[in-house]
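Undergrad: This is query-v8.txt, which holds compact mmCIF, C-alpha atoms:
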# COMPACT_ATOMS: atom_id res chain seq x y z
CA MET A 1 121.57 -105.68 116.64
CA LYS A 2 120.36 -103.86 113.59
CA GLY A 3 118.99 -105.02 110.27
CA THR A 4 117.18 -103.10 107.59
CA ILE A 5 113.83 -104.46 106.57
CA ALA A 6 113.59 -105.72 103.01
CA SER A 7 110.49 -105.02 100.97
CA ALA A 8 108.02 -107.90 101.10
CA GLN A 9 107.44 -109.92 97.98
CA VAL A 10 104.30 -108.99 96.10
CA GLY A 11 101.28 -110.82 97.49
CA GLU A 12 103.27 -112.47 100.29
CA PRO A 13 102.97 -111.16 103.87
CA ARG A 14 106.18 -110.73 105.81
CA GLU A 15 106.90 -113.23 108.50
CA ARG A 16 107.90 -111.93 111.92
CA ALA A 17 111.20 -113.60 112.80
CA LEU A 18 112.85 -114.07 116.16
CA LEU A 19 116.57 -114.84 115.83
CA VAL A 20 118.36 -117.06 118.32
CA GLY A 21 122.11 -117.60 118.54
CA ILE A 22 124.39 -119.46 120.92
CA HIS A 23 127.58 -118.11 122.44
CA ARG A 24 129.76 -121.02 123.45
CA LYS A 25 131.65 -119.82 126.50
CA ARG A 26 135.01 -120.99 125.14
CA ASP A 27 134.67 -118.73 122.08
CA PRO A 28 134.94 -114.92 121.81
CA ARG A 29 131.55 -113.29 122.31
CA TRP A 30 132.02 -110.89 119.38
CA GLU A 31 132.06 -113.85 116.96
CA ALA A 32 128.59 -114.95 118.09
CA GLU A 33 127.30 -111.35 117.99
CA ASP A 34 128.68 -110.80 114.49
CA SER A 35 127.17 -114.09 113.30
CA LEU A 36 123.78 -113.07 114.71
CA ASP A 37 124.05 -109.69 112.96
CA GLU A 38 124.74 -111.55 109.73
CA LEU A 39 121.76 -113.82 110.39
CA ALA A 40 119.60 -110.69 110.66
CA ARG A 41 120.75 -109.62 107.19
CA LEU A 42 120.02 -113.10 105.87
CA ALA A 43 116.51 -113.04 107.36
CA ASP A 44 116.02 -109.57 105.92
CA SER A 45 117.15 -110.78 102.49
CA ALA A 46 114.68 -113.67 102.75
CA GLY A 47 111.85 -111.18 103.29
CA ALA A 48 111.26 -111.52 107.03
CA VAL A 49 110.79 -108.74 109.59
CA VAL A 50 113.26 -109.26 112.43
CA VAL A 51 111.33 -108.50 115.63
CA GLY A 52 113.99 -109.55 118.11
CA THR A 53 117.25 -111.38 118.78
CA ILE A 54 118.40 -113.64 121.58
CA LEU A 55 122.00 -114.64 122.26
CA GLN A 56 122.23 -117.42 124.82
CA GLU A 57 125.33 -118.36 126.79
CA ARG A 58 125.89 -122.11 126.85
CA ALA A 59 128.82 -124.42 127.44
CA ALA A 60 127.42 -126.70 124.72
CA PRO A 61 124.20 -126.96 122.67
CA ASP A 62 121.34 -128.93 124.18
CA PRO A 63 120.97 -132.23 122.26
CA ARG A 64 117.15 -132.02 122.10
CA TYR A 65 116.24 -128.31 122.04
CA LEU A 66 119.65 -126.78 121.19
CA ILE A 67 118.93 -123.81 123.50
CA GLY A 68 117.53 -126.00 126.29
CA LYS A 69 113.91 -126.74 127.17
CA GLY A 70 113.74 -124.04 129.85
CA LYS A 71 115.03 -121.34 127.52
CA ALA A 72 112.64 -122.46 124.79
CA GLN A 73 109.68 -122.25 127.21
CA GLU A 74 110.83 -118.84 128.44
CA THR A 75 111.15 -117.61 124.85
CA LYS A 76 107.64 -118.81 124.01
CA ALA A 77 106.20 -117.05 127.07
CA GLN A 78 107.98 -113.78 126.25
CA TRP A 79 107.34 -113.69 122.51
CA GLY A 80 104.02 -115.53 122.16
CA GLY A 81 101.72 -113.80 119.66
CA LYS A 82 104.55 -111.63 118.32
CA VAL A 83 106.45 -114.23 116.27
CA ASP A 84 105.70 -116.36 113.21
CA LEU A 85 109.15 -117.78 112.63
CA LEU A 86 112.04 -118.92 114.84
CA VAL A 87 115.42 -118.66 113.10
CA ILE A 88 118.32 -120.48 114.76
CA ASP A 89 121.90 -119.43 114.00
CA GLU A 90 123.08 -123.05 113.96
CA GLU A 91 122.43 -126.20 111.95
CA LEU A 92 119.61 -128.13 113.58
CA SER A 93 119.07 -131.86 113.46
CA GLY A 94 115.63 -133.02 112.36
CA SER A 95 114.71 -133.96 115.93
CA GLN A 96 115.85 -130.59 117.33
CA GLN A 97 113.78 -128.76 114.74
CA ARG A 98 110.66 -130.81 115.52
CA SER A 99 111.15 -130.43 119.28
CA LEU A 100 111.37 -126.64 119.03
CA GLU A 101 108.35 -126.46 116.72
CA GLU A 102 106.24 -128.67 118.98
CA LEU A 103 107.17 -126.73 122.13
CA THR A 104 106.86 -123.19 120.75
CA GLY A 105 104.23 -123.66 118.03
CA TRP A 106 106.41 -121.59 115.66
CA LYS A 107 107.83 -122.69 112.37
CA THR A 108 111.57 -123.14 112.94
CA VAL A 109 114.39 -122.87 110.40
CA ASP A 110 118.13 -123.03 110.88
CA ARG A 111 120.88 -121.00 109.24
CA PRO A 112 121.52 -123.44 106.33
CA LEU A 113 117.81 -123.65 105.44
CA LEU A 114 117.51 -119.85 105.55
CA ILE A 115 120.40 -119.50 103.09
CA LEU A 116 118.87 -122.18 100.86
CA ASP A 117 115.59 -120.27 100.92
CA ILE A 118 117.33 -117.08 99.72
CA PHE A 119 118.98 -119.03 96.91
CA ALA A 120 115.57 -120.46 95.94
CA GLN A 121 114.15 -116.93 95.70
CA ARG A 122 117.08 -115.58 93.67
CA ALA A 123 117.60 -118.45 91.21
CA ARG A 124 116.54 -117.38 87.72
CA SER A 125 118.19 -119.70 85.21
CA ARG A 126 117.27 -123.36 84.82
CA GLU A 127 120.75 -124.28 86.00
CA GLY A 128 120.44 -122.14 89.11
CA LYS A 129 117.06 -123.61 89.97
CA LEU A 130 118.38 -127.15 89.53
CA GLN A 131 121.35 -126.43 91.76
CA VAL A 132 119.16 -124.99 94.49
CA GLU A 133 116.69 -127.89 94.29
CA LEU A 134 119.55 -130.38 94.59
CA ALA A 135 120.91 -128.55 97.63
CA GLN A 136 117.48 -128.43 99.28
CA LEU A 137 116.82 -132.13 98.71
CA ASP A 138 120.30 -133.01 99.98
CA TYR A 139 119.63 -130.94 103.11
CA ARG A 140 116.17 -132.36 103.76
CA LEU A 141 116.69 -136.03 102.93
CA PRO A 142 118.49 -136.98 106.20
CA ARG A 143 115.79 -135.07 108.12
CA LEU A 144 113.07 -137.38 106.78
CA VAL A 145 112.63 -139.59 109.83
CA GLY A 146 110.07 -142.32 110.26
CA THR A 147 107.26 -143.57 108.05
CA GLY A 148 104.84 -140.88 107.03
CA THR A 149 106.95 -137.97 108.20
CA GLU A 150 106.55 -135.17 105.69
CA LEU A 151 109.60 -133.62 104.17
CA SER A 152 107.57 -130.67 102.94
CA ARG A 153 106.63 -127.75 105.16
CA LEU A 154 103.05 -126.51 105.22
CA GLY A 155 101.91 -122.91 105.27
CA GLY A 156 104.33 -121.32 102.80
CA GLY A 157 106.89 -118.63 103.50
CA ILE A 158 110.56 -118.88 104.43
CA GLY A 159 111.97 -122.38 104.34
CA THR A 160 109.32 -123.70 101.96
CA ARG A 161 110.41 -122.36 98.57
CA GLY A 162 111.90 -124.51 95.87
CA PRO A 163 110.74 -128.04 95.07
CA GLY A 164 107.00 -128.59 94.94
CA GLU A 165 105.14 -130.18 97.83
CA THR A 166 104.31 -133.31 95.86
CA GLN A 167 108.01 -134.00 95.33
CA LEU A 168 108.87 -133.41 98.97
CA GLU A 169 106.15 -135.69 100.32
CA THR A 170 107.47 -138.70 98.45
CA ASP A 171 109.72 -141.32 99.98
CA ARG A 172 113.50 -141.47 100.09
CA ARG A 173 113.78 -143.59 96.97
CA THR A 174 111.86 -141.11 94.83
CA ILE A 175 113.87 -138.20 96.26
CA ARG A 176 117.15 -139.97 95.53
CA ARG A 177 115.98 -140.63 91.96
CA ARG A 178 115.19 -136.95 91.57
CA MET A 179 118.63 -135.99 92.95
CA ALA A 180 120.31 -138.39 90.51
CA LYS A 181 118.37 -136.83 87.62
CA ILE A 182 119.40 -133.32 88.66
CA ARG A 183 123.05 -134.41 88.85
CA GLU A 184 122.77 -135.80 85.31
CA ASP A 185 121.32 -132.50 84.09
CA LEU A 186 124.06 -130.51 85.83
CA ALA A 187 126.69 -132.79 84.27
CA LYS A 188 125.27 -131.83 80.88
CA VAL A 189 125.64 -128.18 81.89
CA ARG A 190 129.31 -128.78 82.72
CA ARG A 191 129.88 -130.45 79.35
CA HIS A 192 128.18 -127.53 77.60
CA ARG A 193 130.38 -125.09 79.51
CA ALA A 194 133.46 -127.05 78.45
CA LEU A 195 132.43 -126.65 74.79
CA LEU A 196 131.97 -122.92 75.27
CA ARG A 197 135.43 -122.64 76.81
CA ARG A 198 137.21 -124.14 73.79
CA PRO A 199 137.08 -120.96 71.66
CA ARG A 200 138.42 -118.96 74.62
CA LYS A 201 141.39 -121.27 74.99
CA ARG A 202 141.98 -121.41 71.25
CA HIS A 203 142.15 -117.62 71.04
CA ALA A 204 144.11 -117.37 74.32
CA ILE A 205 141.65 -114.93 75.89
CA PRO A 206 142.58 -114.61 79.58
CA ILE A 207 139.74 -115.08 82.06
CA VAL A 208 139.51 -113.07 85.28
CA ALA A 209 136.95 -114.19 87.88
CA LEU A 210 135.49 -112.12 90.70
CA VAL A 211 135.27 -113.91 94.05
CA GLY A 212 134.50 -112.65 97.51
CA TYR A 213 132.16 -112.45 100.44
CA THR A 214 128.56 -111.81 99.52
CA ASN A 215 127.78 -108.09 99.21
CA ALA A 216 131.46 -107.17 98.80
CA GLY A 217 130.65 -105.26 95.60
CA LYS A 218 131.53 -107.79 92.90
CA SER A 219 128.57 -106.95 90.66
CA THR A 220 129.17 -103.21 91.06
CA LEU A 221 132.77 -103.66 89.89
CA PHE A 222 131.60 -105.95 87.09
CA ASN A 223 129.26 -103.22 85.83
CA ALA A 224 131.95 -100.54 86.18
CA LEU A 225 134.49 -102.48 84.07
CA THR A 226 132.13 -104.00 81.49
CA HIS A 227 129.47 -101.25 81.30
CA SER A 228 126.83 -103.93 81.84
CA GLY A 229 123.51 -103.64 83.63
CA VAL A 230 123.92 -106.55 86.03
CA GLN A 231 121.60 -106.22 89.04
CA THR A 232 123.24 -104.77 92.13
CA ASP A 233 121.67 -104.30 95.53
CA ASP A 234 122.66 -103.88 99.18
CA ALA A 235 121.50 -107.42 99.89
CA LEU A 236 123.00 -110.89 100.17
CA PHE A 237 123.33 -113.31 97.23
CA VAL A 238 122.09 -111.03 94.45
CA THR A 239 124.20 -112.91 91.87
CA LEU A 240 123.76 -116.69 91.61
CA ASP A 241 124.45 -117.49 87.96
CA PRO A 242 127.91 -116.79 86.49
CA ILE A 243 128.02 -113.88 84.03
CA LEU A 244 130.83 -113.42 81.50
CA ARG A 245 131.64 -110.18 79.66
CA ARG A 246 134.67 -108.81 77.78
CA VAL A 247 136.74 -105.93 79.16
CA THR A 248 138.88 -103.91 76.74
CA THR A 249 141.02 -100.96 77.82
CA ALA A 250 141.77 -97.88 75.71
CA ASP A 251 145.11 -99.31 74.56
CA GLY A 252 143.55 -102.60 73.42
CA PHE A 253 144.34 -104.79 76.45
CA GLY A 254 141.47 -107.22 76.95
CA PHE A 255 140.23 -110.10 79.07
CA LEU A 256 136.99 -111.88 79.96
CA LEU A 257 135.52 -110.99 83.35
CA SER A 258 133.32 -113.47 85.23
CA ASP A 259 130.98 -112.53 88.09
CA THR A 260 130.12 -115.45 90.39
CA VAL A 261 128.10 -116.29 93.48
CA GLY A 262 129.25 -114.74 96.74
CA PHE A 263 130.56 -116.71 99.70
CA ILE A 264 129.62 -116.54 103.34
CA ARG A 265 130.86 -118.02 106.59
CA ARG A 266 129.34 -121.43 107.28
CA LEU A 267 128.07 -121.71 103.72
CA PRO A 268 125.95 -124.91 103.65
CA GLU A 269 128.00 -127.80 102.32
CA GLN A 270 125.04 -128.77 100.13
CA LEU A 271 125.31 -125.45 98.27
CA VAL A 272 129.04 -125.78 97.64
CA THR A 273 128.44 -129.25 96.23
CA ALA A 274 125.39 -128.26 94.17
CA PHE A 275 127.04 -125.17 92.71
CA LYS A 276 130.06 -127.12 91.49
CA ALA A 277 129.12 -126.38 87.86
CA THR A 278 129.09 -122.66 88.62
CA LEU A 279 132.29 -122.75 90.64
CA GLU A 280 134.07 -124.49 87.76
CA GLU A 281 134.28 -121.01 86.22
CA LEU A 282 136.74 -120.18 88.99
CA ASP A 283 138.85 -123.23 88.21
CA GLU A 284 139.10 -122.15 84.56
CA ALA A 285 140.13 -118.59 85.42
CA ASP A 286 143.66 -117.34 84.84
CA LEU A 287 143.35 -114.80 87.67
CA LEU A 288 141.04 -114.33 90.66
CA LEU A 289 140.07 -110.90 91.94
CA HIS A 290 139.24 -111.38 95.61
CA MET A 291 136.77 -108.59 96.39
CA ILE A 292 136.88 -107.47 100.04
CA ASP A 293 134.56 -104.97 101.73
CA ALA A 294 137.10 -102.65 103.36
CA SER A 295 134.32 -100.85 105.25
CA HIS A 296 133.03 -103.92 107.07
CA PRO A 297 133.83 -104.10 110.82
CA GLN A 298 135.05 -107.71 110.43
CA VAL A 299 136.81 -107.17 107.12
CA MET A 300 139.72 -109.53 107.79
CA GLU A 301 137.46 -112.24 109.19
CA GLN A 302 135.38 -112.12 106.00
CA LYS A 303 138.58 -112.25 103.95
CA GLU A 304 139.76 -115.32 105.84
CA ALA A 305 136.36 -117.01 105.37
CA VAL A 306 136.73 -116.65 101.58
CA ASP A 307 140.38 -117.75 101.72
CA THR A 308 139.27 -120.90 103.55
CA ILE A 309 136.62 -121.71 100.92
CA LEU A 310 139.15 -121.14 98.11
CA ARG A 311 141.53 -123.56 99.84
CA ASP A 312 138.73 -126.12 100.23
CA LEU A 313 137.96 -125.79 96.51
CA GLY A 314 141.64 -126.24 95.60
CA LEU A 315 141.89 -122.70 94.21
CA SER A 316 144.32 -121.10 96.66
CA THR A 317 147.31 -121.67 94.33
CA LYS A 318 145.78 -119.59 91.54
CA PRO A 319 147.08 -116.06 90.91
CA ILE A 320 145.05 -113.68 93.09
CA VAL A 321 144.75 -109.92 93.44
CA GLU A 322 143.11 -108.76 96.66
CA VAL A 323 140.77 -105.84 95.91
CA PHE A 324 139.76 -103.78 98.95
CA ASN A 325 136.50 -102.19 97.83
CA LYS A 326 134.20 -99.51 99.29
CA VAL A 327 137.09 -97.29 100.46
CA ASP A 328 134.77 -94.34 99.82
CA ARG A 329 133.00 -95.36 103.04
CA LEU A 330 136.17 -95.15 105.14
CA THR A 331 136.42 -91.96 107.17
CA GLY A 332 139.95 -92.55 108.45
CA GLY A 333 141.66 -93.34 105.16
CA ILE A 334 142.48 -96.66 103.57
CA GLY A 335 144.72 -97.89 106.35
CA GLN A 336 148.23 -99.27 106.34
CA SER A 337 146.99 -102.72 107.34
CA PHE A 338 145.18 -103.09 104.01
CA ILE A 339 147.49 -101.86 101.28
CA GLY A 340 150.77 -100.95 102.94
CA SER A 341 151.45 -104.28 104.61
CA LYS A 342 153.93 -106.57 102.90
CA THR A 343 152.15 -109.50 101.28
CA ILE A 344 152.93 -111.90 98.47
CA VAL A 345 149.48 -111.29 97.01
CA PRO A 346 149.04 -107.92 95.23
CA ARG A 347 146.57 -105.57 96.92
CA VAL A 348 144.63 -102.68 95.41
CA ALA A 349 142.25 -100.20 97.07
CA ILE A 350 139.23 -99.13 95.02
CA SER A 351 135.70 -97.83 95.10
CA ALA A 352 133.73 -99.64 92.42
CA LEU A 353 130.90 -97.17 93.03
CA THR A 354 132.90 -93.96 92.45
CA GLY A 355 135.57 -95.35 90.12
CA TYR A 356 138.45 -94.59 92.49
CA GLY A 357 141.45 -96.87 91.89
CA LEU A 358 140.06 -98.70 88.84
CA ASP A 359 143.03 -97.63 86.71
CA ARG A 360 145.43 -99.12 89.26
CA LEU A 361 143.30 -102.27 89.42
CA LEU A 362 143.45 -102.75 85.64
CA GLN A 363 147.21 -102.24 85.74
CA SER A 364 147.51 -104.86 88.48
CA VAL A 365 145.36 -107.25 86.41
CA ARG A 366 147.60 -106.70 83.40
CA GLU A 367 150.79 -107.31 85.42
CA SER A 368 149.39 -110.38 87.20
CA LEU A 369 148.23 -111.96 83.94
CA ALA A 370 151.62 -111.27 82.34
CA THR A 371 153.40 -112.85 85.33
CA ALA A 372 151.11 -115.89 85.26
CA ALA A 373 151.65 -116.33 81.49
CA SER A 374 155.42 -116.02 81.90
CA GLN A 375 155.43 -118.63 84.68
CA ALA A 376 153.31 -120.95 82.53
CA ARG A 377 155.80 -120.64 79.65
CA GLU A 378 158.70 -121.38 82.02
CA TYR A 379 156.83 -124.43 83.28
CA ASP A 380 156.25 -125.67 79.72
CA ARG A 381 160.00 -125.41 78.99
CA LEU A 382 160.94 -127.59 81.96
CA PRO A 383 162.31 -131.00 80.87
CA TYR A 384 160.21 -134.01 81.74
CA PRO A 385 161.80 -136.07 84.53
CA ALA A 386 163.49 -139.26 83.47
CA VAL A 387 161.42 -142.40 83.94
CA HIS A 388 163.35 -145.45 85.07
CA ALA A 389 161.94 -148.91 84.60
The structure given in the file should be rewritten as structure tokens.
TA:
Amino acid sequence: MKGTIASAQVGEPRERALLVGIHRKRDPRWEAEDSLDELARLADSAGAVVVGTILQERAAPDPRYLIGKGKAQETKAQWGGKVDLLVIDEELSGSQQRSLEELTGWKTVDRPLLILDIFAQRARSREGKLQVELAQLDYRLPRLVGTGTELSRLGGGIGTRGPGETQLETDRRTIRRRMAKIREDLAKVRRHRALLRRPRKRHAIPIVALVGYTNAGKSTLFNALTHSGVQTDDALFVTLDPILRRVTTADGFGFLLSDTVGFIRRLPEQLVTAFKATLEELDEADLLLHMIDASHPQVMEQKEAVDTILRDLGLSTKPIVEVFNKVDRLTGGIGQSFIGSKTIVPRVAISALTGYGLDRLLQSVRESLATAASQAREYDRLPYPAVHA
């Protein structure tokens, strides 16, 4: 399993990470392997050096050690002195995490905490930082077990970023008060966003929002259409805060384009909840462009993961154009399964990097917005149903 090594943050040594996944025997093995590959990219994005991976076959996770006491002891014997960090491709309970740390002597983080750590590193705006802090506190609060148990993690590095140690060492009541305060602040953000949206609605400016799996190329397309300088990188979760810019074609057709946070399989529930203010941009959009990495080996599985999240957010009924990006990386052509298959949802093949297909994409956006506006006008003309006392 391969993973490029990200550059270490200035002044912070890289942690050597051992990744551990579980293959439940009833499930296809490729799913567990693909998830572990993705975990390697997450660890890489967090700044760790992946020194090894373990995929264990189990009928069910061990309730105390997840991978079983024997496997944990074997892992410690094999990797002792070579590892600083144990990263588990599952969500651990507080007791499982402590048991693994006590047995191995390694700091242990699970998949949700690793993703939260990446978000903590990438958050730049006050809103983004508040959302990440809320998600971290929500994740850690149920893991605060027993009097005197510290919620903070000592030593720094992955899994420790975000709220300060003083905050995390306080009791449940103080943490809940802090969470309530953050929710109040985020509510103010939502009200401010609502005020900003009024001029858009008054002037009937259509809004198109980019959605998709993380690293599908949303920010690259955003830059290509808006001529902006939004940061792009071959890494996960580069964009956290929503960015809005106007797009105007040569013939005067225009719309507002919004770039939003990327999705991922098994996205921590705490993040979906905390980023509600950001995801409201999707709810306000007239059209969603679902960006899909056509070059990824599990392209359709990633597509389905995003479709599931959109359904969970109540957004699956919105007009959508499926945009198969990175076709410049395909050696065998675009493929009939992508564009040629008959689907209700429009599909367009592009390369945001080279500009291939962007004219067809803009035409599809224009047609989809026109269809959505026409349907809205038809809906407005429908008579109200009679109300009988």
Undergrad: For CA of Leu287 in chain A and CA of Pro268 in chain A, determine how far apart the two atoms are, in Å to one decimal place.
TA: 25.7 Å
Undergrad: Can you tell me which residues surround Leu210 in chain A at a distance of at most 8 Å, considering only C-alpha atoms, apart from same-chain residues fewer than 2 positions away, and format the answer as a list in words?
TA: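 So the residues in contact are Val208, Gly212, Lys218, Leu257, Ser258, Asp259, Thr260, Leu288, Leu289, His290 and Met291 of chain A.
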Undergrad: For a quick check of understanding, using all atoms listed in the file, which of A:Ala59, A:Leu19, A:Leu369, A:Leu225 has the smallest distance to Gly355 in chain A?
TA: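 Closest candidate: A:Leu225.
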Undergrad: As an exercise, work out the distance from CA of Lys181 in chain A to CA of Asp117 in chain A in Å and give it to one decimal place.
TA: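 Result for CA of Lys181 in chain A versus CA of Asp117 in chain A: 21.4 Å, one decimal.
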Undergrad: Give me, please, the distance in Å between CA of Ala285 in chain A and CA of Ile350 in chain A, quoted to one decimal.
TA: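 Separation of CA of Ala285 in chain A and CA of Ile350 in chain A: 21.7 Å.
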Undergrad: Please determine, counting only C-alpha atoms, which residue among A:Leu86, A:Arg98, A:Leu113, A:Ile158 has the shortest atom-to-atom distance to Arg14 in chain A.
TA: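 Looking only at the distances to Arg14 in chain A, the closest residue turns out to be A:Ile158.
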Undergrad: So that I can see what lies close to Leu134 in chain A, please list as a ChimeraX atom specification the residues with an atom at most 10 Å from it, counting only C-alpha atoms and leaving out residues fewer than 4 positions away in the same chain.
TA: /A:128-130,138-140,162-163,175-176,178-183,186,270-271,273-275
Undergrad: Could you take the residues named above and write them with C-alpha atoms, as a PDB file, in the frame of the given file?
TA:
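As written to disk, out36.pdb reads:
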ATOM      1  CA  GLY A 128     120.440-122.140  89.110  1.00  0.00           C
ATOM      2  CA  LYS A 129     117.060-123.610  89.970  1.00  0.00           C
ATOM      3  CA  LEU A 130     118.380-127.150  89.530  1.00  0.00           C
ATOM      4  CA  ASP A 138     120.300-133.010  99.980  1.00  0.00           C
ATOM      5  CA  TYR A 139     119.630-130.940 103.110  1.00  0.00           C
ATOM      6  CA  ARG A 140     116.170-132.360 103.760  1.00  0.00           C
ATOM      7  CA  GLY A 162     111.900-124.510  95.870  1.00  0.00           C
ATOM      8  CA  PRO A 163     110.740-128.040  95.070  1.00  0.00           C
ATOM      9  CA  ILE A 175     113.870-138.200  96.260  1.00  0.00           C
ATOM     10  CA  ARG A 176     117.150-139.970  95.530  1.00  0.00           C
ATOM     11  CA  ARG A 178     115.190-136.950  91.570  1.00  0.00           C
ATOM     12  CA  MET A 179     118.630-135.990  92.950  1.00  0.00           C
ATOM     13  CA  ALA A 180     120.310-138.390  90.510  1.00  0.00           C
ATOM     14  CA  LYS A 181     118.370-136.830  87.620  1.00  0.00           C
ATOM     15  CA  ILE A 182     119.400-133.320  88.660  1.00  0.00           C
ATOM     16  CA  ARG A 183     123.050-134.410  88.850  1.00  0.00           C
ATOM     17  CA  LEU A 186     124.060-130.510  85.830  1.00  0.00           C
ATOM     18  CA  GLN A 270     125.040-128.770 100.130  1.00  0.00           C
ATOM     19  CA  LEU A 271     125.310-125.450  98.270  1.00  0.00           C
ATOM     20  CA  THR A 273     128.440-129.250  96.230  1.00  0.00           C
ATOM     21  CA  ALA A 274     125.390-128.260  94.170  1.00  0.00           C
ATOM     22  CA  PHE A 275     127.040-125.170  92.710  1.00  0.00           C
TER      23      PHE A 275
END
Undergrad: Around (119.3, -120.0, 122.6), as given in the file, which residues come within 8 Å? Count only C-alpha atoms and list them as an MDAnalysis selection string.
TA: chainID A and resid 20:22 54:57 66:68 71:72 88
Undergrad: Taking only C-alpha atoms into account, name the residue in A:Glu101, A:Asp62, A:Asp286, A:Asp84 that is nearest to Val49 in chain A.
TA: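 For Val49 in chain A, the nearest of the given residues is A:Asp84.
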Undergrad: Looking at only C-alpha atoms, which of A:Leu221, A:Leu18, A:Leu144, A:Ala40 is the one that sits closest to Arg172 in chain A?
TA: A:Leu144
Undergrad: Do you know which residues lie at most 12 Å from (141.2, -120.8, 99.6), with coordinates as in the file and all atoms listed in the file counted, and could you write them as a list in words?
TA: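 I get Val211, Gly212, Phe263, Leu282, Asp283, Leu288, His290, Lys303, Glu304, Ala305, Val306, Asp307, Thr308, Ile309, Leu310, Arg311, Asp312, Leu313, Gly314, Leu315, Ser316, Thr317, Lys318, Pro319 and Ile320 of chain A for the residues within 12 Å of that point.
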Undergrad: Would you write out those residues with C-alpha atoms, as a PDB file, in the coordinates of the input?
TA:
ATOM      1  CA  VAL A 211     135.270-113.910  94.050  1.00  0.00           C
ATOM      2  CA  GLY A 212     134.500-112.650  97.510  1.00  0.00           C
ATOM      3  CA  PHE A 263     130.560-116.710  99.700  1.00  0.00           C
ATOM      4  CA  LEU A 282     136.740-120.180  88.990  1.00  0.00           C
ATOM      5  CA  ASP A 283     138.850-123.230  88.210  1.00  0.00           C
ATOM      6  CA  LEU A 288     141.040-114.330  90.660  1.00  0.00           C
ATOM      7  CA  HIS A 290     139.240-111.380  95.610  1.00  0.00           C
ATOM      8  CA  LYS A 303     138.580-112.250 103.950  1.00  0.00           C
ATOM      9  CA  GLU A 304     139.760-115.320 105.840  1.00  0.00           C
ATOM     10  CA  ALA A 305     136.360-117.010 105.370  1.00  0.00           C
ATOM     11  CA  VAL A 306     136.730-116.650 101.580  1.00  0.00           C
ATOM     12  CA  ASP A 307     140.380-117.750 101.720  1.00  0.00           C
ATOM     13  CA  THR A 308     139.270-120.900 103.550  1.00  0.00           C
ATOM     14  CA  ILE A 309     136.620-121.710 100.920  1.00  0.00           C
ATOM     15  CA  LEU A 310     139.150-121.140  98.110  1.00  0.00           C
ATOM     16  CA  ARG A 311     141.530-123.560  99.840  1.00  0.00           C
ATOM     17  CA  ASP A 312     138.730-126.120 100.230  1.00  0.00           C
ATOM     18  CA  LEU A 313     137.960-125.790  96.510  1.00  0.00           C
ATOM     19  CA  GLY A 314     141.640-126.240  95.600  1.00  0.00           C
ATOM     20  CA  LEU A 315     141.890-122.700  94.210  1.00  0.00           C
ATOM     21  CA  SER A 316     144.320-121.100  96.660  1.00  0.00           C
ATOM     22  CA  THR A 317     147.310-121.670  94.330  1.00  0.00           C
ATOM     23  CA  LYS A 318     145.780-119.590  91.540  1.00  0.00           C
ATOM     24  CA  PRO A 319     147.080-116.060  90.910  1.00  0.00           C
ATOM     25  CA  ILE A 320     145.050-113.680  93.090  1.00  0.00           C
TER      26      ILE A 320
END
Undergrad: Could you name the residues that touch Phe324 in chain A at 7 Å or less, counting only C-alpha atoms, but leaving out those on the same chain fewer than 3 positions away, as a list in words?
TA: Met291, Ile292, Asp293, Ala294, Val348, Ala349 and Ile350 of chain A
Undergrad: Check the smallest atom-to-atom distance from each of A:Val247, A:Leu361, A:Ile264, A:Leu100 to Thr214 in chain A using all atoms listed in the file, then report the winner.
TA: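 Under the stated criterion, the closest residue is A:Ile264.
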Undergrad: Closest to Tyr356 in chain A among A:Glu284, A:Glu269, A:Asp328, A:Glu127, using all atoms listed in the file?
TA: A:Asp328
